[in-house]
Amino acid sequence: MLKKLYSFVCLLFLITCLSGCASTLLGGAAVVGLASVQERSIKDATIDMKLGLQLQKKLFTLSKDKLFGSVDVIIIEQRVMMIGNVESQKLRDLATQAAWEISPKIKDVLNEITIGEKSTIISEAKDARISLSLSGLLIGDSDISDINFNHSVSKQVIFLIGIAQDNEELNKVINHARTVKGVKKVINHIILKSSKKRI
């Protein structure tokens, strides 16, 4: 939680403290660099980045410990995926509401937040190992454009989101996730490049 909080505060600090020109150059360069090799456009990548910051800020305002510190957010083409664990249904619903309220541009909210006890240090270590293993498999597969996919791991469950060129690439990503040692389940929210959900 502290690491996430530190990263978020640093990012907000950079965006708010840099001059308009410098901030635009810094953010723009990063977005253009990624978008040039991604399926999503530069415009969508920029929108996603802004929406991500807005949602993180809202979760921080609502509850620094129970929401911001417990929920991971991934946004691809205005499709929001939230992963983590909270102590009540009320908090889970609050996170969903926050995602929908940040902007009319939001197309979908994929709430994969579970309710129950917090993960132990051992469980979090397993999640980190699984995430690193999957990243390595995707990067090492020349048939997969790994830049188009994101994932998060919670209690040894892998959550996938992204844009696949075709069913073959989609199946390869899912199969890689399933072969990682210690994985209990794979939840797939990847869509195809030709999907109507992208409109």
# chains A, B, ... in the order shown; residues from 1 in each chain; ligands from 1

call {"tool": "residues_around", "arguments": {"residues": "range 109-121 of chain A", "least_positions_apart": "4", "cutoff": "8 Å", "atoms": "only C-alpha atoms", "output": "PDB file with C-alpha atoms, in the first residue's frame"}}
result
ATOM      1  CA  VAL A  71      -7.732  -1.841  -5.271  1.00  0.00           C
ATOM      2  CA  ARG A  79     -12.797  -0.121 -20.091  1.00  0.00           C
ATOM      3  CA  VAL A  80     -12.013  -0.124 -16.372  1.00  0.00           C
ATOM      4  CA  MET A  81     -10.867  -3.275 -14.598  1.00  0.00           C
ATOM      5  CA  MET A  82     -10.614  -3.148 -10.808  1.00  0.00           C
ATOM      6  CA  ILE A  83      -8.926  -5.921  -8.844  1.00  0.00           C
ATOM      7  CA  GLY A  84      -8.330  -6.340  -5.145  1.00  0.00           C
ATOM      8  CA  ASN A  85      -9.996  -7.197  -1.889  1.00  0.00           C
ATOM      9  CA  VAL A  86     -12.221  -5.092   0.392  1.00  0.00           C
ATOM     10  CA  GLU A  87     -13.998  -5.814   3.648  1.00  0.00           C
ATOM     11  CA  SER A  88     -17.615  -5.217   2.591  1.00  0.00           C
ATOM     12  CA  GLN A  89     -20.072  -5.190  -0.297  1.00  0.00           C
ATOM     13  CA  ARG A  92     -17.103  -2.864  -3.490  1.00  0.00           C
ATOM     14  CA  THR A  96     -17.914   0.613  -8.985  1.00  0.00           C
ATOM     15  CA  ALA A  99     -15.462   4.343 -11.692  1.00  0.00           C
ATOM     16  CA  TRP A 100     -18.696   5.183 -13.489  1.00  0.00           C
ATOM     17  CA  ALA A 125       4.580 -12.794  -2.450  1.00  0.00           C
ATOM     18  CA  LYS A 155      -4.849 -14.353  -4.247  1.00  0.00           C
TER      19      LYS A 155
END

call {"tool": "select_by_dssp", "arguments": {"residues": "range 25-167 of chain A", "states": "strand (DSSP E)", "output": "ChimeraX atom specification"}}
result
/A:71-76,79-86,108-115,149-154,157-164

call {"tool": "select_by_dssp", "arguments": {"residues": "range 88-169 of chain A", "states": "alpha helix (DSSP H)", "output": "PyMOL selection string"}}
result
chain A and resi 89-101+121-140+167-169

call {"tool": "atom_distance", "arguments": {"atom1": "CA of Ser131 in chain A", "atom2": "CA of Val153 in chain A"}}
result
6.3 Å

call {"tool": "residues_around", "arguments": {"residues": "Ile47 in chain A", "least_positions_apart": "6", "cutoff": "10 Å", "atoms": "only C-alpha atoms", "output": "number ranges by chain"}}
result
A: 31, 41, 75-78, 105-106

call {"tool": "closest_atom_pairs", "arguments": {"of": "range 165-185 of chain A", "to": "range 135-147 of chain A", "cutoff": "9 Å", "atoms": "only C-alpha atoms", "output": "CSV"}}
result
residue,atom,partner,partner_atom,distance
A:Gln165,CA,A:Ser145,CA,8.6
A:Glu169,CA,A:Ile144,CA,6.1
A:Leu170,CA,A:Ile144,CA,8.7
A:Lys172,CA,A:Ile144,CA,7.7
A:Val173,CA,A:Leu138,CA,7.0
A:His176,CA,A:Leu137,CA,6.6
A:Ala177,CA,A:Leu137,CA,8.5
A:Val180,CA,A:Leu137,CA,8.8

call {"tool": "closest_residue", "arguments": {"among": "A:Asn148, A:Asn171, A:Ser154, A:Gln56", "to": "Gln38 in chain A", "atoms": "only C-alpha atoms"}}
result
A:Asn148

call {"tool": "atom_distance", "arguments": {"atom1": "CA of Phe159 in chain A", "atom2": "CA of Val186 in chain A"}}
result
6.1 Å

call {"tool": "atom_distance", "arguments": {"atom1": "CA of Leu132 in chain A", "atom2": "CA of Leu55 in chain A"}}
result
25.4 Å
